[in-house]
Every structure is written in structure tokens, then in C-alpha cells.
$ cat query_29.cif   # mmCIF, C-alpha atoms and all ligand atoms
data_input
loop_
_atom_site.group_PDB
_atom_site.id
_atom_site.type_symbol
_atom_site.label_atom_id
_atom_site.label_comp_id
_atom_site.auth_asym_id
_atom_site.auth_seq_id
_atom_site.Cartn_x
_atom_site.Cartn_y
_atom_site.Cartn_z
ATOM 1 C CA MET A 92 28.132 64.258 -30.247
ATOM 2 C CA ALA A 93 24.788 65.896 -29.440
ATOM 3 C CA LEU A 94 23.739 65.509 -25.827
ATOM 4 C CA ASP A 95 20.247 64.178 -25.170
ATOM 5 C CA GLU A 96 18.657 65.213 -21.874
ATOM 6 C CA VAL A 97 16.438 62.151 -21.851
ATOM 7 C CA VAL A 98 19.470 59.879 -22.073
ATOM 8 C CA ILE A 99 20.955 61.719 -19.094
ATOM 9 C CA THR A 100 17.738 61.208 -17.145
ATOM 10 C CA ARG A 101 17.561 57.522 -18.032
ATOM 11 C CA ALA A 102 21.217 56.980 -17.150
ATOM 12 C CA ILE A 103 20.683 58.394 -13.647
ATOM 13 C CA MET A 104 17.495 56.456 -13.007
ATOM 14 C CA GLU A 105 18.766 53.129 -14.311
ATOM 15 C CA ARG A 106 22.121 53.318 -12.526
ATOM 16 C CA PHE A 107 20.550 54.492 -9.269
ATOM 17 C CA THR A 108 17.880 51.789 -9.384
ATOM 18 C CA GLN A 109 20.523 49.138 -10.011
ATOM 19 C CA LYS A 110 22.587 50.449 -7.090
ATOM 20 C CA PHE A 111 19.600 50.619 -4.758
ATOM 21 C CA LEU A 112 18.261 47.175 -5.667
ATOM 22 C CA GLU A 113 21.659 45.679 -4.834
ATOM 23 C CA CYS A 114 21.286 47.125 -1.321
ATOM 24 C CA THR A 115 17.793 45.873 -0.481
ATOM 25 C CA SER A 116 19.342 42.917 1.361
ATOM 26 C CA VAL A 117 22.817 43.369 2.830
ATOM 27 C CA ASP A 118 25.210 41.952 5.391
ATOM 28 C CA VAL A 119 25.597 45.246 7.252
ATOM 29 C CA ALA A 120 23.542 48.449 7.165
ATOM 30 C CA ILE A 121 25.121 51.490 8.801
ATOM 31 C CA VAL A 122 23.041 54.449 9.925
ATOM 32 C CA GLY A 123 24.971 57.730 9.905
ATOM 33 C CA GLY A 124 27.947 58.763 7.811
ATOM 34 C CA GLY A 125 30.092 60.463 10.438
ATOM 35 C CA PRO A 126 33.683 59.346 10.999
ATOM 36 C CA SER A 127 32.799 56.168 12.925
ATOM 37 C CA GLY A 128 30.239 55.022 10.350
ATOM 38 C CA LEU A 129 32.507 55.727 7.385
ATOM 39 C CA VAL A 130 35.455 53.915 8.981
ATOM 40 C CA ALA A 131 33.249 50.918 9.845
ATOM 41 C CA ALA A 132 31.988 50.872 6.239
ATOM 42 C CA TYR A 133 35.563 50.807 4.955
ATOM 43 C CA TYR A 134 36.734 47.867 7.089
ATOM 44 C CA LEU A 135 33.562 45.835 6.557
ATOM 45 C CA ALA A 136 33.554 46.363 2.795
ATOM 46 C CA SER A 137 37.275 45.557 2.661
ATOM 47 C CA SER A 138 36.532 42.229 4.340
ATOM 48 C CA GLY A 139 34.080 41.380 1.554
ATOM 49 C CA ARG A 140 30.856 42.207 3.432
ATOM 50 C CA LYS A 141 28.013 43.774 1.481
ATOM 51 C CA VAL A 142 27.648 47.164 3.179
ATOM 52 C CA VAL A 143 25.217 50.035 2.792
ATOM 53 C CA LEU A 144 25.381 53.319 4.690
ATOM 54 C CA PHE A 145 22.488 55.780 4.954
ATOM 55 C CA GLU A 146 23.248 59.432 5.648
ATOM 56 C CA ARG A 147 20.526 61.979 6.313
ATOM 57 C CA LYS A 148 22.443 64.988 5.024
ATOM 58 C CA LEU A 149 23.500 65.781 1.467
ATOM 59 C CA SER A 150 27.145 65.367 2.526
ATOM 60 C CA PRO A 151 28.482 62.415 4.500
ATOM 61 C CA GLY A 152 31.112 63.373 7.081
ATOM 62 C CA GLY A 153 29.002 64.229 10.132
ATOM 63 C CA GLY A 154 30.806 66.316 12.710
ATOM 64 C CA MET A 155 34.201 66.014 11.094
ATOM 65 C CA TRP A 156 33.860 68.780 8.496
ATOM 66 C CA GLY A 157 33.765 71.457 11.154
ATOM 67 C CA GLY A 158 36.799 70.371 13.202
ATOM 68 C CA GLY A 159 36.244 72.229 16.468
ATOM 69 C CA MET A 160 33.826 75.161 16.380
ATOM 70 C CA MET A 161 34.211 75.394 12.579
ATOM 71 C CA PHE A 162 38.022 75.674 12.745
ATOM 72 C CA ASN A 163 38.494 72.904 10.211
ATOM 73 C CA GLU A 164 41.402 71.010 11.718
ATOM 74 C CA ILE A 165 40.892 67.807 13.662
ATOM 75 C CA VAL A 166 42.975 66.441 16.515
ATOM 76 C CA ILE A 167 43.730 62.773 16.981
ATOM 77 C CA GLN A 168 45.826 60.993 19.580
ATOM 78 C CA SER A 169 48.718 58.678 18.753
ATOM 79 C CA GLU A 170 46.635 55.474 19.164
ATOM 80 C CA ALA A 171 44.535 56.417 16.136
ATOM 81 C CA LYS A 172 47.284 57.772 13.891
ATOM 82 C CA GLU A 173 47.824 54.424 12.181
ATOM 83 C CA ILE A 174 44.231 54.534 10.918
ATOM 84 C CA LEU A 175 44.708 57.922 9.234
ATOM 85 C CA ASP A 176 48.071 56.688 7.920
ATOM 86 C CA MET A 177 46.368 53.635 6.447
ATOM 87 C CA PHE A 178 43.763 55.831 4.712
ATOM 88 C CA GLY A 179 46.515 58.098 3.412
ATOM 89 C CA VAL A 180 45.319 61.175 5.345
ATOM 90 C CA ARG A 181 48.303 63.400 6.133
ATOM 91 C CA THR A 182 48.895 64.211 9.799
ATOM 92 C CA ARG A 183 51.248 66.587 11.606
ATOM 93 C CA GLU A 184 52.539 66.139 15.121
ATOM 94 C CA TYR A 185 51.495 69.028 17.329
ATOM 95 C CA ARG A 186 52.865 67.882 20.710
ATOM 96 C CA GLU A 187 53.899 64.466 21.856
ATOM 97 C CA GLY A 188 50.855 62.210 21.451
ATOM 98 C CA TYR A 189 48.728 64.833 19.635
ATOM 99 C CA TYR A 190 48.388 65.001 15.850
ATOM 100 C CA THR A 191 46.337 67.257 13.616
ATOM 101 C CA ALA A 192 44.853 66.704 10.159
ATOM 102 C CA ASP A 193 42.915 68.873 7.755
ATOM 103 C CA ALA A 194 39.230 68.114 8.404
ATOM 104 C CA ILE A 195 38.297 68.290 4.717
ATOM 105 C CA GLU A 196 41.098 65.943 3.701
ATOM 106 C CA ALA A 197 40.067 63.505 6.438
ATOM 107 C CA VAL A 198 36.378 63.409 5.461
ATOM 108 C CA THR A 199 36.863 63.263 1.712
ATOM 109 C CA THR A 200 39.616 60.641 1.846
ATOM 110 C CA ILE A 201 37.854 58.306 4.291
ATOM 111 C CA CYS A 202 34.602 58.654 2.351
ATOM 112 C CA SER A 203 36.272 57.943 -0.971
ATOM 113 C CA ARG A 204 38.213 54.956 0.387
ATOM 114 C CA SER A 205 35.018 53.461 1.856
ATOM 115 C CA LEU A 206 33.269 53.692 -1.498
ATOM 116 C CA ARG A 207 36.226 52.264 -3.354
ATOM 117 C CA ALA A 208 36.421 49.395 -0.867
ATOM 118 C CA GLY A 209 32.908 48.490 -2.049
ATOM 119 C CA ALA A 210 30.542 50.168 0.433
ATOM 120 C CA THR A 211 27.476 51.891 -1.010
ATOM 121 C CA ILE A 212 26.451 55.238 0.471
ATOM 122 C CA PHE A 213 23.011 56.760 0.056
ATOM 123 C CA ASN A 214 22.932 60.407 1.025
ATOM 124 C CA CYS A 215 19.772 62.411 1.706
ATOM 125 C CA MET A 216 18.121 59.296 3.154
ATOM 126 C CA SER A 217 17.027 59.029 6.768
ATOM 127 C CA VAL A 218 16.344 55.943 8.807
ATOM 128 C CA GLU A 219 13.052 56.403 10.631
ATOM 129 C CA ASP A 220 12.243 52.932 11.939
ATOM 130 C CA VAL A 221 13.444 49.345 12.152
ATOM 131 C CA MET A 222 12.017 45.988 11.103
ATOM 132 C CA ILE A 223 11.801 43.313 13.820
ATOM 133 C CA ARG A 224 11.389 39.544 13.459
ATOM 134 C CA GLU A 225 11.462 37.100 16.368
ATOM 135 C CA GLY A 226 13.130 39.453 18.812
ATOM 136 C CA ARG A 227 15.843 40.607 16.415
ATOM 137 C CA VAL A 228 16.229 43.768 14.373
ATOM 138 C CA THR A 229 16.337 42.551 10.792
ATOM 139 C CA GLY A 230 16.085 45.696 8.717
ATOM 140 C CA LEU A 231 15.772 49.456 8.404
ATOM 141 C CA VAL A 232 12.893 51.648 7.352
ATOM 142 C CA ILE A 233 14.114 54.525 5.205
ATOM 143 C CA ASN A 234 12.762 57.654 3.622
ATOM 144 C CA TRP A 235 14.108 60.644 1.731
ATOM 145 C CA SER A 236 15.322 63.293 4.175
ATOM 146 C CA PRO A 237 13.431 66.080 2.326
ATOM 147 C CA VAL A 238 10.194 64.145 2.943
ATOM 148 C CA GLU A 239 10.988 64.157 6.649
ATOM 149 C CA MET A 240 12.014 67.842 6.568
ATOM 150 C CA ALA A 241 8.858 68.942 4.754
ATOM 151 C CA GLY A 242 6.651 66.795 6.984
ATOM 152 C CA LEU A 243 5.083 65.142 3.937
ATOM 153 C CA HIS A 244 2.834 62.165 4.424
ATOM 154 C CA VAL A 245 4.834 59.691 2.330
ATOM 155 C CA ASP A 246 5.313 56.103 3.414
ATOM 156 C CA PRO A 247 8.887 54.847 3.729
ATOM 157 C CA MET A 248 10.465 51.687 2.298
ATOM 158 C CA THR A 249 12.424 48.862 3.946
ATOM 159 C CA ILE A 250 15.715 47.072 3.442
ATOM 160 C CA ALA A 251 16.942 43.901 5.180
ATOM 161 C CA ALA A 252 20.299 43.576 6.940
ATOM 162 C CA ARG A 253 21.917 40.806 8.959
ATOM 163 C CA ASP A 254 23.593 43.387 11.202
ATOM 164 C CA ILE A 255 22.898 47.074 11.770
ATOM 165 C CA ILE A 256 25.192 49.719 13.234
ATOM 166 C CA ASP A 257 23.884 52.863 14.903
ATOM 167 C CA THR A 258 26.508 55.541 14.207
ATOM 168 C CA THR A 259 24.079 58.442 14.408
ATOM 169 C CA GLY A 260 26.250 60.386 16.883
ATOM 170 C CA HIS A 261 24.760 62.290 19.792
ATOM 171 C CA ALA A 262 21.227 61.492 18.603
ATOM 172 C CA THR A 263 21.293 57.637 18.956
ATOM 173 C CA GLU A 264 18.399 57.639 16.524
ATOM 174 C CA VAL A 265 18.083 53.941 15.769
ATOM 175 C CA LEU A 266 18.300 53.037 19.444
ATOM 176 C CA LYS A 267 15.683 55.641 20.338
ATOM 177 C CA VAL A 268 13.260 54.001 17.929
ATOM 178 C CA ILE A 269 14.032 50.562 19.372
ATOM 179 C CA GLU A 270 13.493 51.844 22.907
ATOM 180 C CA ARG A 271 10.247 53.585 21.994
ATOM 181 C CA LYS A 272 8.655 50.976 19.795
ATOM 182 C CA THR A 273 9.846 47.570 20.948
ATOM 183 C CA ASP A 274 10.105 45.505 24.116
ATOM 184 C CA MET A 275 13.813 44.895 23.602
ATOM 185 C CA ARG A 276 16.158 45.436 26.507
ATOM 186 C CA LEU A 277 19.352 47.250 25.545
ATOM 187 C CA ALA A 278 22.697 45.913 26.852
ATOM 188 C CA THR A 279 23.138 48.971 29.089
ATOM 189 C CA PRO A 280 23.087 48.733 32.908
ATOM 190 C CA SER A 281 19.511 50.069 32.986
ATOM 191 C CA GLY A 282 18.352 48.254 29.855
ATOM 192 C CA LYS A 283 17.464 51.693 28.465
ATOM 193 C CA LEU A 284 19.341 54.528 26.800
ATOM 194 C CA MET A 285 21.478 56.198 29.481
ATOM 195 C CA GLY A 286 22.125 59.555 27.737
ATOM 196 C CA GLU A 287 25.452 61.280 27.238
ATOM 197 C CA ARG A 288 27.321 63.158 29.961
ATOM 198 C CA SER A 289 29.278 66.409 29.843
ATOM 199 C CA MET A 290 32.700 66.915 28.278
ATOM 200 C CA TRP A 291 35.669 64.822 29.472
ATOM 201 C CA ALA A 292 37.878 64.058 26.506
ATOM 202 C CA GLU A 293 40.189 61.426 27.976
ATOM 203 C CA GLU A 294 37.500 59.443 29.729
ATOM 204 C CA ALA A 295 35.160 59.747 26.750
ATOM 205 C CA GLU A 296 37.732 58.463 24.290
ATOM 206 C CA ARG A 297 38.414 55.441 26.493
ATOM 207 C CA GLN A 298 34.729 54.719 27.067
ATOM 208 C CA THR A 299 33.865 55.095 23.400
ATOM 209 C CA LEU A 300 35.900 52.012 22.656
ATOM 210 C CA GLU A 301 34.509 50.086 25.621
ATOM 211 C CA ASN A 302 30.961 51.030 24.663
ATOM 212 C CA THR A 303 31.381 49.996 21.030
ATOM 213 C CA ARG A 304 29.528 46.698 20.985
ATOM 214 C CA GLN A 305 26.360 44.829 20.226
ATOM 215 C CA ILE A 306 23.546 46.514 22.122
ATOM 216 C CA CYS A 307 20.582 44.309 21.201
ATOM 217 C CA PRO A 308 19.992 41.434 18.796
ATOM 218 C CA GLY A 309 20.989 42.583 15.326
ATOM 219 C CA VAL A 310 22.249 46.019 16.369
ATOM 220 C CA TYR A 311 25.698 47.364 17.213
ATOM 221 C CA VAL A 312 26.518 50.860 18.399
ATOM 222 C CA ALA A 313 29.680 52.836 17.640
ATOM 223 C CA GLY A 314 31.084 56.351 17.753
ATOM 224 C CA MET A 315 29.492 59.065 19.878
ATOM 225 C CA SER A 316 26.256 57.095 19.795
ATOM 226 C CA ALA A 317 27.957 54.404 21.908
ATOM 227 C CA ASN A 318 28.737 56.869 24.695
ATOM 228 C CA ALA A 319 25.319 58.469 24.467
ATOM 229 C CA ALA A 320 23.765 55.002 24.794
ATOM 230 C CA PHE A 321 25.859 53.878 27.777
ATOM 231 C CA GLY A 322 25.952 57.169 29.699
ATOM 232 C CA GLY A 323 29.522 58.086 28.734
ATOM 233 C CA PRO A 324 30.816 61.653 28.465
ATOM 234 C CA ARG A 325 31.287 63.605 25.233
ATOM 235 C CA MET A 326 34.775 64.294 23.940
ATOM 236 C CA GLY A 327 34.560 67.332 21.683
ATOM 237 C CA PRO A 328 36.788 67.747 18.650
ATOM 238 C CA ILE A 329 39.202 64.877 19.182
ATOM 239 C CA PHE A 330 38.418 62.205 16.621
ATOM 240 C CA GLY A 331 40.723 59.273 17.417
ATOM 241 C CA GLY A 332 38.024 57.487 19.405
ATOM 242 C CA MET A 333 35.622 57.746 16.452
ATOM 243 C CA LEU A 334 38.130 56.149 14.079
ATOM 244 C CA LEU A 335 39.070 53.398 16.550
ATOM 245 C CA SER A 336 35.410 52.746 17.330
ATOM 246 C CA GLY A 337 34.563 52.393 13.619
ATOM 247 C CA ARG A 338 37.371 49.871 13.228
ATOM 248 C CA LYS A 339 36.374 47.992 16.389
ATOM 249 C CA VAL A 340 32.722 47.589 15.415
ATOM 250 C CA ALA A 341 33.795 46.266 12.014
ATOM 251 C CA GLU A 342 36.117 43.757 13.698
ATOM 252 C CA LEU A 343 33.330 42.602 16.049
ATOM 253 C CA ILE A 344 30.951 42.010 13.160
ATOM 254 C CA ILE A 345 33.597 40.301 11.051
ATOM 255 C CA ALA A 346 34.471 38.001 13.972
ATOM 256 C CA SER A 347 30.814 37.119 14.555
ATOM 257 C CA SER A 348 29.926 36.094 11.008
HETATM 258 O O1 LIG B 401 27.790 62.954 14.653
HETATM 259 P P1 LIG B 401 28.616 62.182 13.711
HETATM 260 O O2 LIG B 401 29.842 62.796 13.166
HETATM 261 O O3 LIG B 401 28.892 60.749 14.396
HETATM 262 P P2 LIG B 401 30.204 60.021 14.939
HETATM 263 O O4 LIG B 401 30.799 59.179 13.880
HETATM 264 O O5 LIG B 401 31.229 61.188 15.250
HETATM 265 C C1 LIG B 401 31.020 62.114 16.268
HETATM 266 C C2 LIG B 401 31.893 63.323 16.012
HETATM 267 O O6 LIG B 401 31.599 63.905 14.777
HETATM 268 C C3 LIG B 401 31.772 64.400 17.073
HETATM 269 C C4 LIG B 401 32.236 63.977 18.416
HETATM 270 C C5 LIG B 401 33.580 63.419 18.690
HETATM 271 O O7 LIG B 401 34.579 63.688 17.932
HETATM 272 O O8 LIG B 401 31.529 64.085 19.370
HETATM 273 O O9 LIG B 401 30.408 64.799 17.170
HETATM 274 O O10 LIG B 401 29.800 59.370 16.198
HETATM 275 O O11 LIG B 401 27.734 61.754 12.482
HETATM 276 C C6 LIG B 401 26.477 61.163 12.636
HETATM 277 C C7 LIG B 401 25.798 61.210 11.282
HETATM 278 O O12 LIG B 401 24.588 60.475 11.355
HETATM 279 C C8 LIG B 401 23.605 61.131 10.559
HETATM 280 C C9 LIG B 401 23.894 62.617 10.772
HETATM 281 O O13 LIG B 401 23.376 63.394 9.715
HETATM 282 C C10 LIG B 401 25.417 62.621 10.835
HETATM 283 O O14 LIG B 401 26.010 62.873 9.581
HETATM 284 N N1 LIG B 401 22.296 60.685 11.037
HETATM 285 C C11 LIG B 401 21.780 60.910 12.277
HETATM 286 N N2 LIG B 401 20.583 60.319 12.370
HETATM 287 C C12 LIG B 401 20.340 59.708 11.170
HETATM 288 C C13 LIG B 401 21.438 59.955 10.324
HETATM 289 C C14 LIG B 401 19.252 58.947 10.639
HETATM 290 N N3 LIG B 401 18.160 58.678 11.367
HETATM 291 N N4 LIG B 401 19.347 58.508 9.361
HETATM 292 C C15 LIG B 401 20.433 58.773 8.611
HETATM 293 N N5 LIG B 401 21.491 59.492 9.062
#

$ encode --input "query_29.cif" --output "C-alpha cells"
Amino acid sequence: MALDEVVITRAIMERFTQKFLECTSVDVAIVGGGPSGLVAAYYLASSGRKVVLFERKLSPGGGMWGGGMMFNEIVIQSEAKEILDMFGVRTREYREGYYTADAIEAVTTICSRSLRAGATIFNCMSVEDVMIREGRVTGLVINWSPVEMAGLHVDPMTIAARDIIDTTGHATEVLKVIERKTDMRLATPSGKLMGERSMWAEEAERQTLENTRQICPGVYVAGMSANAAFGGPRMGPIFGGMLLSGRKVAELIIASS
């Protein structure tokens, strides 16, 4: 069979358009495809929610690819092992309570399982703003990341979501926009973003779970973004808290709707 370049072009455009149109109004929109966002996408999609995840970079996976300092092994604690087991990511016990996994296997498997559970992921798209109606965040304003990188003057587009999750990691990008552009009070002690504190793995892992919650009407926060929002410490290359946080935020949203 002779291949026709125009057919290839049309196939991409039609399939992409179909996929995108299905995500213009969703149950849950997740911003950031690091471990917490991908895990949340998996559990929410598995529960039948319509889920879209936007990732700025070409590759979803966030900080997991690089393990610690580019040594591509991740460490998780025993509490989170069942999540990697459930995904089918192989782990090895290092010491009592500590397990390791290959970072590439972890990212690719969790990403693939999220997609197969029914979540849609758009890579190379950045969330630059939110849509607000009657004191609630009701949608996300998105643009191609290369537009942002090149500083081009191109207007973004908008999608609607019943619930939004900020899993943008250290940057807390969605929450920063909300703080800057709206009168909403965040559910932090100060009502504002508190900013992350220095490294303390044990405390950070505990607080990540505590801080995973709804932070203003329509918006939840999970993963490192949760600690950065509530003034918790960072944890470095231990990823159990990220996995548990992704599962917790999914459970909170499932329970609320
Ligand atoms: O940072 P990241 O991996 O978030 P996480 O799930 O995990 C944190 C750990 O990787 C590590 C750690 C503890 O183990 O401290 O850092 O909390 O992934 C965040 C993702 O969000 C994307 C960004 O490219 C990254 O892949 N992102 C950030 N801002 C935006 C965004 C945005 N405005 N729009 C789209 N994607």
C-alpha cells in the first residue's frame, strides 16, 4: 500500500481534535504530570471520572525521571509500596522499610496505566490562568508551552472542569495565579501561599498527606505543591508521599461527588 502524507496529516488532526473536544468539559482537570498528578489521574479515571491532565513538558513524569540527582532510582517507604505493587512497578527492599524502583519503569508504567484507565494527557500544554464564576474556580486557561517559551503574543483557550488539582510541584503555579488575580482566600493559616521549607524527609512526607486537600472552591492541591502551599518542608528523592498524595486527592474528590 502506498503511503499518503496528506492522509497521515489528516489522521493526526482529526484524532487530536476529537480527543481535545472530548476534554473541553471534564469532571477533573489536573495540572502537572509528575508522580502525584499521574497517580491521581489513574484513580479518578478508574472510578469513571472524566479526567484530563495538562503537562508543560514534552514528557510527563516530572521529577521522577531523575531519581535523586539524576541517579535514576527512586526510594519509597513501606506505606507506599502497595501503590507501586498495584501498578505493577517492580520494587526491591533495600533496608527494612525502604524500597527502591527503577525511575524509568515507575514513570512509564504509571503514565501508561493512567492513560489506559481512561485519563487523557496533553503534553506540551501549560496552564496559565483559571476561569472563575461566582467565587469558584470553574476552568483552566491553557496554551501551548512553546508559545509561552518563545514569548509569542498568542491568546490561550479555556476548558471547564468541576474540580481542578494543582500538582505543579514546587512551583504551585495554579495557586499562584489564584493568589495574584483573585480575591479568594486559600485554606492555609495565612490565607495565602506559605512557601516551602528546607529539606526534612520524614516530616515532609507526613505533611504532604495532611496538606493534600481542597484549598479553595473548585481547587485541590496534592504532591509537593501541597507542602509548598502550606509551608511544609521538601523531601527530596523519596516518592512515597507523592504516590499516597495522588491517591488521597483522588479519594477526596470521589467522596465529594
Ligand atoms: O514536580 P513534579 O514531579 O510534582 P510532584 O508530583 O512530585 C514532586 C517530586 O517529583 C519531587 C519531590 C518529592 O519527591 O519533591 O520534586 O509534586 O511535577 C510537576 C509537573 O508539573 C508540570 C511540570 O512540568 C512537572 O512535570 N507543570 C508545572 N507547572 C505547570 C505544569 C503548568 N502551569 N502547566 C502545566 N504543567

$ resolve_selection --input "query_29.cif" --expression "the PyMOL selection byres (((chain A and resi 198-212) around 8) and not hetatm)" --output "PyMOL selection string"
chain A and resi 110+114+126+129-130+132-134+136-137+141-146+151-152+155-156+178-180+194-197+213-214

$ resolve_selection --input "query_29.cif" --expression "the PyMOL selection byres (((chain A and resi 282) around 12) and not hetatm)" --output "tab-separated table (two decimals) with C-alpha atoms, in the coordinates of the input"
chain	number	residue	atom	x	y	z
A	266	LEU	CA	18.30	53.04	19.44
A	269	ILE	CA	14.03	50.56	19.37
A	270	GLU	CA	13.49	51.84	22.91
A	274	ASP	CA	10.10	45.50	24.12
A	275	MET	CA	13.81	44.90	23.60
A	276	ARG	CA	16.16	45.44	26.51
A	277	LEU	CA	19.35	47.25	25.54
A	278	ALA	CA	22.70	45.91	26.85
A	279	THR	CA	23.14	48.97	29.09
A	280	PRO	CA	23.09	48.73	32.91
A	281	SER	CA	19.51	50.07	32.99
A	283	LYS	CA	17.46	51.69	28.46
A	284	LEU	CA	19.34	54.53	26.80
A	285	MET	CA	21.48	56.20	29.48
A	306	ILE	CA	23.55	46.51	22.12
A	307	CYS	CA	20.58	44.31	21.20
A	320	ALA	CA	23.76	55.00	24.79
A	321	PHE	CA	25.86	53.88	27.78
A	322	GLY	CA	25.95	57.17	29.70

$ residues_near_ligand --input "query_29.cif" --ligand "ligand LIG 401 (chain B)" --cutoff "8 Å" --atoms "all atoms listed in the file" --output "MDAnalysis selection string"
chainID A and resid 122:129 145:148 150:155 215:219 233 258:265 313:317 325:334 337

$ closest_residue --input "query_29.cif" --among "A:Asp246, A:Asp193, A:Glu173, A:Asp254" --to "Ile344 of chain A" --atoms "only C-alpha atoms"
A:Asp254

$ atom_distance --input "query_29.cif" --atom1 "atom CA of Tyr185 of chain A" --atom2 "atom CA of Val166 of chain A"
8.9 Å

$ residues_around --input "query_29.cif" --residues "Arg253 of chain A" --least-positions-apart "5" --cutoff "10 Å" --atoms "all atoms listed in the file" --output "mmCIF file with C-alpha atoms, keeping the file's coordinate frame"
data_model
loop_
_atom_site.group_PDB
_atom_site.id
_atom_site.type_symbol
_atom_site.label_atom_id
_atom_site.label_comp_id
_atom_site.auth_asym_id
_atom_site.auth_seq_id
_atom_site.Cartn_x
_atom_site.Cartn_y
_atom_site.Cartn_z
ATOM 1 C CA SER A 116 19.342 42.917 1.361
ATOM 2 C CA VAL A 117 22.817 43.369 2.830
ATOM 3 C CA ASP A 118 25.210 41.952 5.391
ATOM 4 C CA VAL A 119 25.597 45.246 7.252
ATOM 5 C CA ALA A 120 23.542 48.449 7.165
ATOM 6 C CA ARG A 227 15.843 40.607 16.415
ATOM 7 C CA VAL A 228 16.229 43.768 14.373
ATOM 8 C CA THR A 229 16.337 42.551 10.792
ATOM 9 C CA GLY A 230 16.085 45.696 8.717
ATOM 10 C CA GLY A 309 20.989 42.583 15.326
ATOM 11 C CA VAL A 310 22.249 46.019 16.369
ATOM 12 C CA SER A 348 29.926 36.094 11.008
#

$ atom_distance --input "query_29.cif" --atom1 "atom CA of Thr249 of chain A" --atom2 "atom CA of Asn234 of chain A"
8.8 Å

$ residues_around --input "query_29.cif" --residues "Val312 of chain A" --least-positions-apart "4" --cutoff "6 Å" --atoms "all atoms listed in the file" --output "list in words"
Ile256, Asp257, Thr303, Arg304 and Ala317 of chain A

$ atom_distance --input "query_29.cif" --atom1 "atom CA of Gln168 of chain A" --atom2 "atom CA of Tyr311 of chain A"
24.4 Å

$ closest_residue --input "query_29.cif" --among "A:Ile250, A:Glu105, A:Gly323, A:Arg181" --to "Arg288 of chain A" --atoms "all atoms listed in the file"
A:Gly323

$ axis_aligned_box --input "query_29.cif" --around "segment 214-223 of chain A" --padding-each-side "4 Å" --output "JSON"
{"center_x": 17.4, "center_y": 52.9, "center_z": 7.4, "size_x": 19.1, "size_y": 27.1, "size_z": 20.8}
